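Student: Contents are compact mmCIF, C-alpha atoms; file name upload.txt:
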# COMPACT_ATOMS: atom_id res chain seq x y z
CA MET Z 1 -73.22 -10.04 73.88
CA LYS Z 2 -75.77 -9.01 71.27
CA SER Z 3 -75.04 -6.72 68.34
CA ARG Z 4 -76.98 -5.88 65.19
CA GLN Z 5 -73.70 -5.49 63.31
CA ILE Z 6 -71.74 -8.61 64.25
CA ASP Z 7 -72.39 -12.15 65.41
CA PRO Z 8 -69.40 -12.93 67.62
CA ASP Z 9 -70.22 -16.65 67.48
CA ARG Z 10 -70.34 -16.79 63.68
CA LEU Z 11 -67.13 -15.05 62.69
CA PRO Z 12 -64.97 -16.60 59.96
CA PRO Z 13 -62.56 -19.17 61.45
CA GLY Z 14 -59.28 -17.61 62.55
CA THR Z 15 -60.85 -14.22 63.39
CA TYR Z 16 -60.67 -12.65 66.86
CA LEU Z 17 -62.36 -9.30 67.29
CA ASN Z 18 -61.33 -6.76 69.85
CA THR Z 19 -64.50 -6.61 71.89
CA GLY Z 20 -66.11 -7.56 75.19
CA GLU Z 21 -64.17 -9.93 77.35
CA ALA Z 22 -61.17 -10.08 74.99
CA ALA Z 23 -60.87 -6.28 74.99
CA SER Z 24 -60.98 -6.17 78.80
CA ARG Z 25 -58.55 -9.04 79.25
CA GLY Z 26 -56.20 -7.57 76.66
CA LEU Z 27 -56.05 -4.11 78.24
CA ALA Z 28 -52.78 -4.69 80.16
CA ILE Z 29 -50.80 -6.22 77.31
CA ASN Z 30 -52.25 -3.73 74.84
CA ARG Z 31 -51.21 -0.85 77.11
CA PHE Z 32 -47.72 -2.30 77.40
CA CYS Z 33 -47.46 -2.55 73.59
CA TYR Z 34 -49.10 0.86 73.10
CA ASP Z 35 -46.46 2.54 75.23
CA LEU Z 36 -43.68 1.04 73.06
CA LYS Z 37 -44.35 4.04 70.83
CA ARG Z 38 -42.16 5.91 73.34
CA PRO Z 39 -38.41 5.52 72.65
CA GLU Z 40 -37.64 5.39 76.39
CA ASN Z 41 -40.02 2.44 76.80
CA ARG Z 42 -38.38 0.60 73.92
CA GLU Z 43 -34.97 1.16 75.52
CA ARG Z 44 -36.19 -0.01 78.94
CA TYR Z 45 -37.76 -3.13 77.43
CA LYS Z 46 -34.59 -3.98 75.50
CA ALA Z 47 -32.48 -3.57 78.63
CA ASP Z 48 -34.76 -5.42 81.03
CA PRO Z 49 -37.72 -7.24 79.43
CA ASP Z 50 -38.83 -8.99 82.61
CA GLY Z 51 -38.69 -5.80 84.67
CA GLU Z 52 -40.71 -3.90 82.10
CA MET Z 53 -43.39 -6.61 81.86
CA GLU Z 54 -43.56 -6.58 85.67
CA ARG Z 55 -43.96 -2.81 85.68
CA TYR Z 56 -46.95 -3.14 83.35
CA GLY Z 57 -48.51 -5.97 85.33
CA ILE Z 58 -48.47 -8.39 82.42
CA ASP Z 59 -50.17 -11.69 83.23
CA PRO Z 60 -47.61 -14.53 83.75
CA VAL Z 61 -49.21 -16.56 80.96
CA ASP Z 62 -48.83 -13.63 78.57
CA ARG Z 63 -45.20 -13.13 79.66
CA ASP Z 64 -44.40 -16.71 78.66
CA LEU Z 65 -46.20 -16.26 75.34
CA ILE Z 66 -44.20 -13.09 74.64
CA ARG Z 67 -40.93 -14.89 75.45
CA ALA Z 68 -42.02 -17.70 73.12
CA LYS Z 69 -43.03 -15.14 70.43
CA ASP Z 70 -46.42 -16.88 70.21
CA TRP Z 71 -48.25 -14.03 68.50
CA LEU Z 72 -51.30 -16.10 67.62
CA ALA Z 73 -51.92 -17.11 71.22
CA LEU Z 74 -51.55 -13.49 72.33
CA VAL Z 75 -54.10 -12.35 69.74
CA LYS Z 76 -56.48 -15.05 70.97
CA ARG Z 77 -56.06 -13.68 74.48
CA GLY Z 78 -57.02 -10.16 73.45
CA ALA Z 79 -53.87 -8.51 72.10
CA ASN Z 80 -54.69 -6.16 69.22
CA VAL Z 81 -52.55 -6.85 66.19
CA PHE Z 82 -51.63 -3.21 65.53
CA VAL Z 83 -50.03 -2.67 68.93
CA LEU Z 84 -48.71 -6.22 69.05
CA LEU Z 85 -46.70 -5.47 65.89
CA ARG Z 86 -44.62 -2.97 67.86
CA LEU Z 87 -43.61 -5.83 70.12
CA SER Z 88 -43.17 -8.52 67.46
CA LEU Z 89 -40.94 -6.15 65.44
CA MET Z 90 -38.77 -5.61 68.52
CA HIS Z 91 -38.45 -9.38 68.68
CA GLY Z 92 -37.32 -9.43 65.05
CA ASP Z 93 -40.59 -10.57 63.47
CA SER Z 94 -41.87 -8.38 60.63
CA LEU Z 95 -45.55 -8.16 59.72
CA THR Z 96 -44.93 -10.93 57.19
CA ALA Z 97 -43.22 -13.16 59.77
CA THR Z 98 -45.84 -12.39 62.43
CA GLY Z 99 -48.62 -13.18 59.96
CA ALA Z 100 -47.03 -16.36 58.66
CA GLN Z 101 -46.73 -17.61 62.22
CA MET Z 102 -50.39 -16.86 62.91
CA ARG Z 103 -51.31 -18.86 59.78
CA GLY Z 104 -49.17 -21.75 60.98
CA GLU Z 105 -46.77 -21.38 58.07
CA THR Z 106 -43.15 -20.54 57.49
CA VAL Z 107 -42.41 -17.19 55.88
CA GLU Z 108 -41.44 -19.03 52.69
CA GLU Z 109 -44.72 -20.96 52.63
CA TYR Z 110 -46.72 -17.78 53.12
CA LEU Z 111 -44.82 -15.80 50.47
CA ALA Z 112 -45.33 -18.64 47.97
CA SER Z 113 -49.04 -17.67 48.01
CA ARG Z 114 -48.28 -13.99 47.26
CA LYS Z 115 -47.52 -12.07 44.08
CA ILE Z 116 -44.27 -10.60 45.39
CA LYS Z 117 -41.68 -11.39 48.05
CA ALA Z 118 -41.30 -7.93 49.54
CA GLY Z 119 -40.18 -5.54 46.84
CA ALA Z 120 -36.51 -4.94 46.23
CA SER Z 121 -36.63 -1.50 47.81
CA LEU Z 122 -38.08 -2.60 51.11
CA THR Z 123 -36.29 -4.34 53.93
CA SER Z 124 -37.92 -7.37 55.50
CA LYS Z 125 -38.82 -5.15 58.48
CA GLU Z 126 -40.95 -2.92 56.30
CA THR Z 127 -43.32 -5.57 55.02
CA MET A 1 -70.33 28.84 50.82
CA GLY A 2 -67.84 25.98 50.59
CA ARG A 3 -68.05 23.29 47.95
CA ILE A 4 -66.83 19.70 47.74
CA VAL A 5 -65.10 19.26 44.41
CA GLY A 6 -63.95 15.67 44.59
CA GLY A 7 -63.48 12.47 46.54
CA LEU A 8 -60.44 10.21 46.58
CA GLY A 9 -59.90 6.71 47.90
CA SER A 10 -56.45 5.46 48.90
CA PRO A 11 -54.92 2.65 50.90
CA HIS A 12 -52.94 3.63 53.98
CA ALA A 13 -50.51 0.73 54.45
CA PRO A 14 -47.19 1.74 56.06
CA SER A 15 -45.19 -0.12 53.39
CA ILE A 16 -46.32 2.53 50.89
CA GLY A 17 -44.92 5.22 53.19
CA ALA A 18 -41.60 3.36 53.38
CA LEU A 19 -41.40 3.25 49.58
CA ILE A 20 -42.10 6.99 49.37
CA ASP A 21 -39.43 7.83 51.95
CA LYS A 22 -36.89 5.88 49.88
CA GLY A 23 -38.01 7.51 46.66
CA ALA A 24 -38.74 4.01 45.37
CA TRP A 25 -41.78 4.96 43.27
CA ASP A 26 -40.56 2.69 40.47
CA ASP A 27 -39.88 -0.48 42.48
CA PRO A 28 -41.08 -3.09 39.95
CA ASP A 29 -43.11 -5.06 42.49
CA TRP A 30 -44.99 -1.99 43.69
CA LYS A 31 -45.06 0.07 40.49
CA PRO A 32 -48.62 -0.97 39.49
CA LEU A 33 -49.75 0.52 42.82
CA MET A 34 -47.47 3.55 42.97
CA ASP A 35 -48.31 4.53 39.38
CA GLY A 36 -51.92 4.57 40.47
CA TYR A 37 -51.18 7.73 42.43
CA ARG A 38 -49.96 9.70 39.40
CA PRO A 39 -53.37 10.77 38.00
CA MET A 40 -54.54 11.64 41.53
CA GLN A 41 -51.44 13.77 42.16
CA ALA A 42 -51.90 15.56 38.84
CA TRP A 43 -55.59 16.21 39.50
CA LEU A 44 -54.87 17.60 42.98
CA ALA A 45 -52.05 19.79 41.67
CA ARG A 46 -54.42 21.13 39.02
CA THR A 47 -57.47 21.48 41.27
CA LYS A 48 -55.60 23.05 44.22
CA PRO A 49 -58.23 22.41 46.89
CA ASP A 50 -58.30 24.79 49.88
CA ALA A 51 -58.61 21.90 52.34
CA ALA A 52 -58.79 18.11 52.44
CA ILE A 53 -60.96 16.19 54.87
CA LEU A 54 -59.09 12.96 55.52
CA VAL A 55 -61.13 10.11 57.00
CA TYR A 56 -58.78 7.54 58.51
CA ASN A 57 -58.23 5.38 61.54
CA ASP A 58 -55.58 5.79 64.16
CA HIS A 59 -53.72 2.51 64.71
CA VAL A 60 -53.61 2.78 68.49
CA THR A 61 -51.01 5.53 68.20
CA SER A 62 -52.70 8.70 69.42
CA PHE A 63 -55.57 6.91 71.14
CA PHE A 64 -55.44 3.92 73.45
CA PHE A 65 -58.34 1.59 74.21
CA ASP A 66 -58.74 2.99 77.72
CA LEU A 67 -60.39 6.13 76.27
CA TYR A 68 -61.37 5.38 72.72
CA PRO A 69 -63.41 7.84 70.65
CA THR A 70 -65.76 6.58 67.94
CA PHE A 71 -65.21 9.76 65.91
CA ALA A 72 -62.52 12.37 66.57
CA LEU A 73 -61.21 15.34 64.63
CA SER A 74 -58.29 17.64 65.11
CA VAL A 75 -58.63 21.41 65.16
CA ALA A 76 -54.86 21.88 65.53
CA ALA A 77 -53.12 24.47 63.37
CA GLU A 78 -50.46 21.84 62.72
CA HIS A 79 -50.56 18.04 62.93
CA ALA A 80 -47.47 16.34 64.36
CA ILE A 81 -45.92 13.23 62.78
CA ALA A 82 -46.35 10.36 65.26
CA ASP A 83 -43.72 7.87 66.38
CA GLU A 84 -45.52 4.55 65.96
CA GLY A 85 -42.75 2.51 67.53
CA PHE A 86 -39.91 2.77 65.03
CA GLY A 87 -39.28 6.52 64.99
CA PRO A 88 -41.37 9.13 63.14
CA ARG A 89 -41.29 9.37 59.35
CA PRO A 90 -39.09 12.17 57.95
CA LEU A 91 -42.04 14.43 57.12
CA PRO A 92 -42.70 18.01 58.18
CA PRO A 93 -45.81 18.56 60.32
CA ILE A 94 -48.97 18.87 58.21
CA PRO A 95 -50.87 22.17 58.41
CA GLY A 96 -54.48 22.24 59.50
CA ASN A 97 -57.05 24.99 59.09
CA ALA A 98 -58.35 25.68 62.59
CA GLU A 99 -61.20 27.95 61.52
CA PHE A 100 -62.53 25.37 59.08
CA ALA A 101 -61.99 22.52 61.53
CA TRP A 102 -63.89 24.26 64.34
CA HIS A 103 -66.69 25.04 61.92
CA VAL A 104 -66.92 21.37 60.91
CA ALA A 105 -66.87 20.33 64.58
CA HIS A 106 -69.79 22.65 65.36
CA SER A 107 -71.71 21.62 62.28
CA LEU A 108 -71.27 17.91 62.97
CA VAL A 109 -72.38 18.19 66.59
CA ASP A 110 -75.35 20.39 65.56
CA ASP A 111 -76.11 17.52 63.17
CA GLU A 112 -76.03 15.00 66.07
CA PHE A 113 -72.58 13.62 65.22
CA ASP A 114 -71.09 14.10 68.69
CA ILE A 115 -67.48 14.00 67.60
CA THR A 116 -64.51 14.25 69.98
CA VAL A 117 -62.59 17.48 69.38
CA CYS A 118 -58.79 17.16 69.70
CA GLN A 119 -56.22 19.92 69.85
CA ASP A 120 -53.22 17.61 69.72
CA MET A 121 -53.67 14.48 67.61
CA PRO A 122 -50.38 13.30 66.05
CA LEU A 123 -50.99 11.44 62.80
CA ASP A 124 -49.89 7.87 62.11
CA HIS A 125 -49.69 5.90 58.87
CA GLY A 126 -53.48 5.87 58.58
CA ALA A 127 -53.27 9.53 57.56
CA LEU A 128 -49.63 9.96 56.58
CA THR A 129 -49.50 7.27 53.89
CA PRO A 130 -52.26 8.81 51.76
CA ALA A 131 -51.15 12.41 52.42
CA SER A 132 -47.54 11.74 51.44
CA ALA A 133 -48.61 9.70 48.40
CA LEU A 134 -51.07 12.29 47.10
CA TRP A 135 -48.88 15.37 47.68
CA PRO A 136 -45.34 14.15 46.91
CA ASP A 137 -44.01 17.63 46.09
CA ARG A 138 -43.38 19.27 49.43
CA SER A 139 -40.61 21.57 48.25
CA GLN A 140 -42.78 24.58 49.19
CA GLY A 141 -44.26 22.80 52.22
CA TRP A 142 -47.49 20.80 52.24
CA PRO A 143 -49.71 22.36 49.57
CA CYS A 144 -53.07 21.63 51.22
CA PRO A 145 -54.25 21.92 54.85
CA ILE A 146 -55.76 18.71 56.17
CA LEU A 147 -58.68 18.12 58.50
CA PRO A 148 -58.12 14.62 59.89
CA ILE A 149 -61.14 12.67 61.12
CA ALA A 150 -60.28 9.51 63.05
CA VAL A 151 -62.83 6.67 63.09
CA ASN A 152 -62.86 3.71 65.45
CA VAL A 153 -62.67 0.59 63.29
CA LEU A 154 -60.65 -1.45 65.81
CA GLN A 155 -62.51 -1.89 69.08
CA PHE A 156 -66.09 -3.07 68.77
CA PRO A 157 -68.75 -1.68 68.83
CA VAL A 158 -67.58 -0.05 65.59
CA PRO A 159 -70.01 2.37 63.89
CA SER A 160 -72.10 0.85 61.12
CA PRO A 161 -71.50 1.27 57.38
CA ARG A 162 -74.64 3.41 57.15
CA ARG A 163 -73.35 5.64 59.96
CA LEU A 164 -70.17 6.32 57.99
CA PHE A 165 -72.17 7.21 54.89
CA ARG A 166 -74.23 9.61 57.00
CA LEU A 167 -71.05 11.09 58.42
CA GLY A 168 -70.10 11.91 54.85
CA GLN A 169 -73.50 13.55 54.26
CA ALA A 170 -73.01 15.59 57.44
CA LEU A 171 -69.54 16.61 56.23
CA ALA A 172 -71.09 17.86 53.00
CA ARG A 173 -73.53 20.02 54.99
CA ALA A 174 -70.63 21.32 57.08
CA VAL A 175 -68.66 22.33 54.00
CA GLU A 176 -71.69 23.94 52.37
CA SER A 177 -72.32 26.07 55.45
CA PHE A 178 -68.72 27.27 55.76
CA GLY A 179 -68.54 31.03 55.42
CA ASP A 180 -65.74 31.44 52.90
CA ASP A 181 -67.17 31.81 49.41
CA GLY A 182 -65.52 29.59 46.86
CA PHE A 183 -63.77 27.46 49.50
CA ARG A 184 -63.06 24.16 47.72
CA VAL A 185 -62.70 20.89 49.59
CA VAL A 186 -61.78 17.32 48.72
CA VAL A 187 -62.68 14.33 50.87
CA LEU A 188 -60.32 11.37 51.23
CA GLY A 189 -61.44 7.91 52.27
CA THR A 190 -58.57 5.67 53.31
CA GLY A 191 -57.73 2.05 54.06
CA GLY A 192 -58.63 -1.32 52.57
CA LEU A 193 -59.53 -2.99 50.52
CA SER A 194 -59.72 -6.69 51.46
CA HIS A 195 -57.21 -7.89 54.02
CA GLN A 196 -56.91 -9.54 57.38
CA LEU A 197 -53.85 -9.04 59.55
CA HIS A 198 -54.55 -11.28 62.52
CA GLY A 199 -55.35 -14.87 63.42
CA GLU A 200 -55.11 -17.94 61.24
CA ARG A 201 -57.00 -15.94 58.59
CA PHE A 202 -54.03 -13.56 58.16
CA GLY A 203 -53.43 -12.77 54.49
CA TYR A 204 -57.05 -13.28 53.43
CA GLN A 205 -58.00 -11.39 50.25
CA ASN A 206 -61.10 -11.36 48.06
CA HIS A 207 -60.50 -9.75 44.68
CA PRO A 208 -64.02 -10.29 43.24
CA TRP A 209 -65.51 -8.59 46.31
CA ASP A 210 -63.06 -5.72 45.99
CA MET A 211 -64.22 -5.19 42.38
CA GLU A 212 -67.87 -5.36 43.43
CA PHE A 213 -67.21 -2.89 46.25
CA LEU A 214 -65.60 -0.41 43.84
CA ASP A 215 -68.50 -0.76 41.36
CA LEU A 216 -71.12 -0.24 44.05
CA LEU A 217 -69.20 2.61 45.63
CA GLU A 218 -69.42 4.47 42.36
CA ASN A 219 -72.91 3.57 41.18
CA ASP A 220 -74.98 2.34 44.10
CA PRO A 221 -73.38 3.25 47.44
CA GLU A 222 -76.72 2.88 49.26
CA ARG A 223 -76.40 -0.87 48.67
CA LEU A 224 -73.10 -0.83 50.55
CA THR A 225 -74.71 0.99 53.48
CA SER A 226 -77.32 -1.75 53.87
CA LEU A 227 -74.65 -4.38 54.56
CA ARG A 228 -73.61 -5.18 58.13
CA LEU A 229 -70.06 -5.04 59.47
CA GLN A 230 -70.25 -8.83 59.63
CA ASP A 231 -70.73 -8.90 55.83
CA TYR A 232 -67.63 -6.75 55.38
CA ILE A 233 -65.64 -9.02 57.69
CA ASP A 234 -66.87 -12.17 55.93
CA ARG A 235 -66.18 -10.83 52.44
CA GLY A 236 -63.20 -8.54 52.90
CA GLY A 237 -61.44 -9.69 56.08
CA ALA A 238 -61.63 -8.29 59.60
CA GLU A 239 -59.16 -5.45 59.00
CA GLY A 240 -60.66 -4.97 55.54
CA SER A 241 -63.90 -3.83 57.15
CA GLU A 242 -62.17 -0.45 57.52
CA VAL A 243 -63.38 0.25 53.96
CA ILE A 244 -66.49 1.67 55.62
CA MET A 245 -64.34 4.83 55.81
CA TRP A 246 -64.62 5.08 52.02
CA LEU A 247 -68.39 5.34 52.55
CA ALA A 248 -67.86 8.61 54.43
CA MET A 249 -66.03 9.95 51.38
CA ARG A 250 -68.78 8.72 49.06
CA GLY A 251 -71.53 10.07 51.33
CA ALA A 252 -70.01 13.53 51.06
CA LEU A 253 -70.45 13.45 47.25
CA PRO A 254 -73.63 13.73 45.17
CA ALA A 255 -75.33 10.59 43.81
CA LYS A 256 -73.84 11.18 40.37
CA VAL A 257 -70.09 11.49 40.23
CA ARG A 258 -67.60 11.38 37.38
CA ARG A 259 -65.00 8.69 37.92
CA LEU A 260 -61.68 9.92 36.58
CA HIS A 261 -59.51 7.10 37.85
CA ARG A 262 -59.55 3.62 39.33
CA ASN A 263 -56.67 1.27 40.03
CA TYR A 264 -56.16 -2.05 41.84
CA HIS A 265 -53.11 -4.05 42.84
CA ALA A 266 -52.75 -6.79 45.44
CA PRO A 267 -49.05 -7.51 45.78
CA LEU A 268 -48.72 -8.94 49.28
CA HIS A 269 -51.08 -8.85 52.28
CA THR A 270 -53.73 -6.43 51.05
CA GLY A 271 -55.89 -5.65 48.04
CA PHE A 272 -55.02 -2.02 47.35
CA ALA A 273 -57.36 0.29 45.42
CA GLN A 274 -57.30 3.93 44.39
CA VAL A 275 -60.20 5.93 43.03
CA LEU A 276 -60.80 9.53 42.06
CA PHE A 277 -64.31 10.94 41.75
CA GLU A 278 -64.93 14.43 40.49
CA VAL A 279 -68.11 16.32 41.35
CA PRO A 280 -69.62 17.37 38.01
Just give me the structure of the file as structure tokens.
Tutor:
Amino acid sequence: MKSRQIDPDRLPPGTYLNTGEAASRGLAINRFCYDLKRPENRERYKADPDGEMERYGIDPVDRDLIRAKDWLALVKRGANVFVLLRLSLMHGDSLTATGAQMRGETVEEYLASRKIKAGASLTSKET
Amino acid sequence: MGRIVGGLGSPHAPSIGALIDKGAWDDPDWKPLMDGYRPMQAWLARTKPDAAILVYNDHVTSFFFDLYPTFALSVAAEHAIADEGFGPRPLPPIPGNAEFAWHVAHSLVDDEFDITVCQDMPLDHGALTPASALWPDRSQGWPCPILPIAVNVLQFPVPSPRRLFRLGQALARAVESFGDDGFRVVVLGTGGLSHQLHGERFGYQNHPWDMEFLDLLENDPERLTSLRLQDYIDRGGAEGSEVIMWLAMRGALPAKVRRLHRNYHAPLHTGFAQVLFEVP
């Protein structure tokens, strides 16, 4: 792929852009996560995660990664972080927890590098 | 003839929306950011614009990657509050101005910006965070109709920084050619500044670059348009490259602007900035 705006081979380490092959490969899992904006989909997924992943034709490798909450591997395989957050939150991982995992850190290790922990008024889900 | 009277820059992180919904404007950790909205709120309350053009990105809420517009605007009379996956925020729908929005759509397409026209485009945090932060008093309903313009900054190819600046210039022409005499418009650029929310580079920030960006935005925006998206990703993080949406705001303003306000706070994942430019 050639672009005047980006050099896909010279991105900063740890960066995975939603383009080309990754965007095509990620379409199924991204659609599954996208539809979690619907309350009925969230309910169906909570009640029967395997059945819902089957319904959306999620690749078996991706299903295992979801069960393992391996958000970094899913991003590398084309999942977009904004839709993936709907799924990681349902699995109990906030943005902070999802991000810490992608960095290969614990939440405590990550927060040690930040100015604040969350803000007293916010729950851990909201940061 | 319409007239653009000011440009505002604001982050659009959902955590800010959560603070607003709890009334937690004075949370000590976030106060340096939340206080940054006060002068902007006061200026808007005083200026009472007739419409706000809000340049934002949808976070895969109203649009999915199967059919993904580069530029889209809503001509709806009312913009619904989207459910992003955790229930919609407790906000009333935001009014639009259909006549103005259709005019802008025509003007942009006449100007070779072939924008997607939407009649039902629920808004997510990309638009709701800045709107709810800038107009906190909704006791009489939302005080200002909004024309939301959604930009693809997520699935590459993403439009170039220069293209966003030119979008702003085209928006200025659209406002100037609007029939209503004395119709006063503000333009909001949203998102940023430096941050990355995915991969091992999650949490990346670059404060010196954020300062340089704000300086150039004010005094030499053409310099910012000559950079590539790759430069924005390198310097400000992959998700931080959404700051190109601030270039649309700046492009809608004249070369000389009066900066009334600037604020910066980087509490957690993102370097947050707010600016207010008045057209002299």
Student: When you look at range 168-185 of chain A with a cut-off of 6 Å (counting only C-alpha atoms), what residues show up, excluding the ones that are within fewer than 4 positions of it in the same chain? I need them as a ChimeraX atom specification.
Tutor: /A:1-5,49-52,104,107,248-249,251-252
Student: Which residues, written as a PDB file with C-alpha atoms, keeping the file's coordinate frame, have at least one atom at most 12 Å from Ser121 in chain Z, with all atoms listed in the file counted and residues fewer than 2 positions away on the same chain left out?
Tutor:
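The result, written out as result.pdb:
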ATOM      1  CA  LYS Z 117     -41.680 -11.390  48.050  1.00  0.00           C
ATOM      2  CA  ALA Z 118     -41.300  -7.930  49.540  1.00  0.00           C
ATOM      3  CA  GLY Z 119     -40.180  -5.540  46.840  1.00  0.00           C
ATOM      4  CA  THR Z 123     -36.290  -4.340  53.930  1.00  0.00           C
ATOM      5  CA  SER Z 124     -37.920  -7.370  55.500  1.00  0.00           C
ATOM      6  CA  LYS Z 125     -38.820  -5.150  58.480  1.00  0.00           C
ATOM      7  CA  GLU Z 126     -40.950  -2.920  56.300  1.00  0.00           C
ATOM      8  CA  THR Z 127     -43.320  -5.570  55.020  1.00  0.00           C
TER       9      THR Z 127
ATOM     10  CA  SER A  15     -45.190  -0.120  53.390  1.00  0.00           C
ATOM     11  CA  ILE A  16     -46.320   2.530  50.890  1.00  0.00           C
ATOM     12  CA  GLY A  17     -44.920   5.220  53.190  1.00  0.00           C
ATOM     13  CA  ALA A  18     -41.600   3.360  53.380  1.00  0.00           C
ATOM     14  CA  LEU A  19     -41.400   3.250  49.580  1.00  0.00           C
ATOM     15  CA  ILE A  20     -42.100   6.990  49.370  1.00  0.00           C
ATOM     16  CA  ASP A  21     -39.430   7.830  51.950  1.00  0.00           C
ATOM     17  CA  LYS A  22     -36.890   5.880  49.880  1.00  0.00           C
ATOM     18  CA  GLY A  23     -38.010   7.510  46.660  1.00  0.00           C
ATOM     19  CA  ALA A  24     -38.740   4.010  45.370  1.00  0.00           C
ATOM     20  CA  TRP A  25     -41.780   4.960  43.270  1.00  0.00           C
ATOM     21  CA  ASP A  26     -40.560   2.690  40.470  1.00  0.00           C
ATOM     22  CA  ASP A  27     -39.880  -0.480  42.480  1.00  0.00           C
ATOM     23  CA  PRO A  28     -41.080  -3.090  39.950  1.00  0.00           C
ATOM     24  CA  ASP A  29     -43.110  -5.060  42.490  1.00  0.00           C
ATOM     25  CA  TRP A  30     -44.990  -1.990  43.690  1.00  0.00           C
ATOM     26  CA  LYS A  31     -45.060   0.070  40.490  1.00  0.00           C
TER      27      LYS A  31
END
Student: List the neighbours of Leu84 in chain Z out to 8 Å using all atoms listed in the file; skip same-chain residues closer than 5 positions along the sequence, and give me the result as a list in words.
Tutor: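 That gives Asn30, Cys33, Trp71 and Ala79 of chain Z.
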Student: Using only C-alpha atoms, can you tell me which of Z:Gly51, Z:Pro39, Z:Glu21, Z:Arg63 comes closest to chain A?
Tutor: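 Under the stated criterion, the closest residue is Z:Pro39.
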Student: Which one of A:Glu84, A:Val55, A:Asp111, A:Pro39 sits closest to Leu89 in chain Z if you count all atoms listed in the file?
Tutor: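 Using all atoms listed in the file, the shortest distance to Leu89 in chain Z belongs to A:Glu84.
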Student: Which one of Z:Lys2, Z:Val83, Z:Lys46, Z:Pro12 sits closest to Ser62 in chain A if you count only C-alpha atoms?
Tutor: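 Residue with the minimum atom-to-atom distance to Ser62 in chain A: Z:Val83.
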Student: Output range 244-276 of chain A from the block with C-alpha atoms, as an mmCIF file, in the first residue's frame?
Tutor:
data_model
loop_
_atom_site.group_PDB
_atom_site.id
_atom_site.type_symbol
_atom_site.label_atom_id
_atom_site.label_comp_id
_atom_site.auth_asym_id
_atom_site.auth_seq_id
_atom_site.Cartn_x
_atom_site.Cartn_y
_atom_site.Cartn_z
ATOM 1 C CA ILE A 244 -6.559 17.917 12.320
ATOM 2 C CA MET A 245 -10.214 18.699 13.128
ATOM 3 C CA TRP A 246 -9.002 21.845 14.896
ATOM 4 C CA LEU A 247 -7.551 22.908 11.530
ATOM 5 C CA ALA A 248 -11.084 23.020 10.097
ATOM 6 C CA MET A 249 -12.021 25.434 12.880
ATOM 7 C CA ARG A 250 -8.908 27.528 12.253
ATOM 8 C CA GLY A 251 -9.419 27.475 8.475
ATOM 9 C CA ALA A 252 -12.860 28.999 8.954
ATOM 10 C CA LEU A 253 -11.298 32.032 10.693
ATOM 11 C CA PRO A 254 -9.276 34.905 9.218
ATOM 12 C CA ALA A 255 -5.460 34.870 9.396
ATOM 13 C CA LYS A 256 -5.494 37.305 12.310
ATOM 14 C CA VAL A 257 -7.524 36.256 15.304
ATOM 15 C CA ARG A 258 -7.690 37.509 18.868
ATOM 16 C CA ARG A 259 -6.970 34.739 21.346
ATOM 17 C CA LEU A 260 -9.129 35.260 24.408
ATOM 18 C CA HIS A 261 -8.335 32.013 26.177
ATOM 19 C CA ARG A 262 -6.012 29.031 26.222
ATOM 20 C CA ASN A 263 -5.758 26.222 28.747
ATOM 21 C CA TYR A 264 -3.941 22.881 29.019
ATOM 22 C CA HIS A 265 -4.154 19.968 31.423
ATOM 23 C CA ALA A 266 -2.992 16.376 30.999
ATOM 24 C CA PRO A 267 -4.330 14.424 33.957
ATOM 25 C CA LEU A 268 -4.525 10.860 32.680
ATOM 26 C CA HIS A 269 -4.461 9.435 29.141
ATOM 27 C CA THR A 270 -4.695 12.602 27.067
ATOM 28 C CA GLY A 271 -3.260 16.094 26.784
ATOM 29 C CA PHE A 272 -6.376 18.261 26.926
ATOM 30 C CA ALA A 273 -6.450 21.797 25.518
ATOM 31 C CA GLN A 274 -9.062 24.513 25.197
ATOM 32 C CA VAL A 275 -8.805 27.653 23.102
ATOM 33 C CA LEU A 276 -11.091 30.532 22.229
#
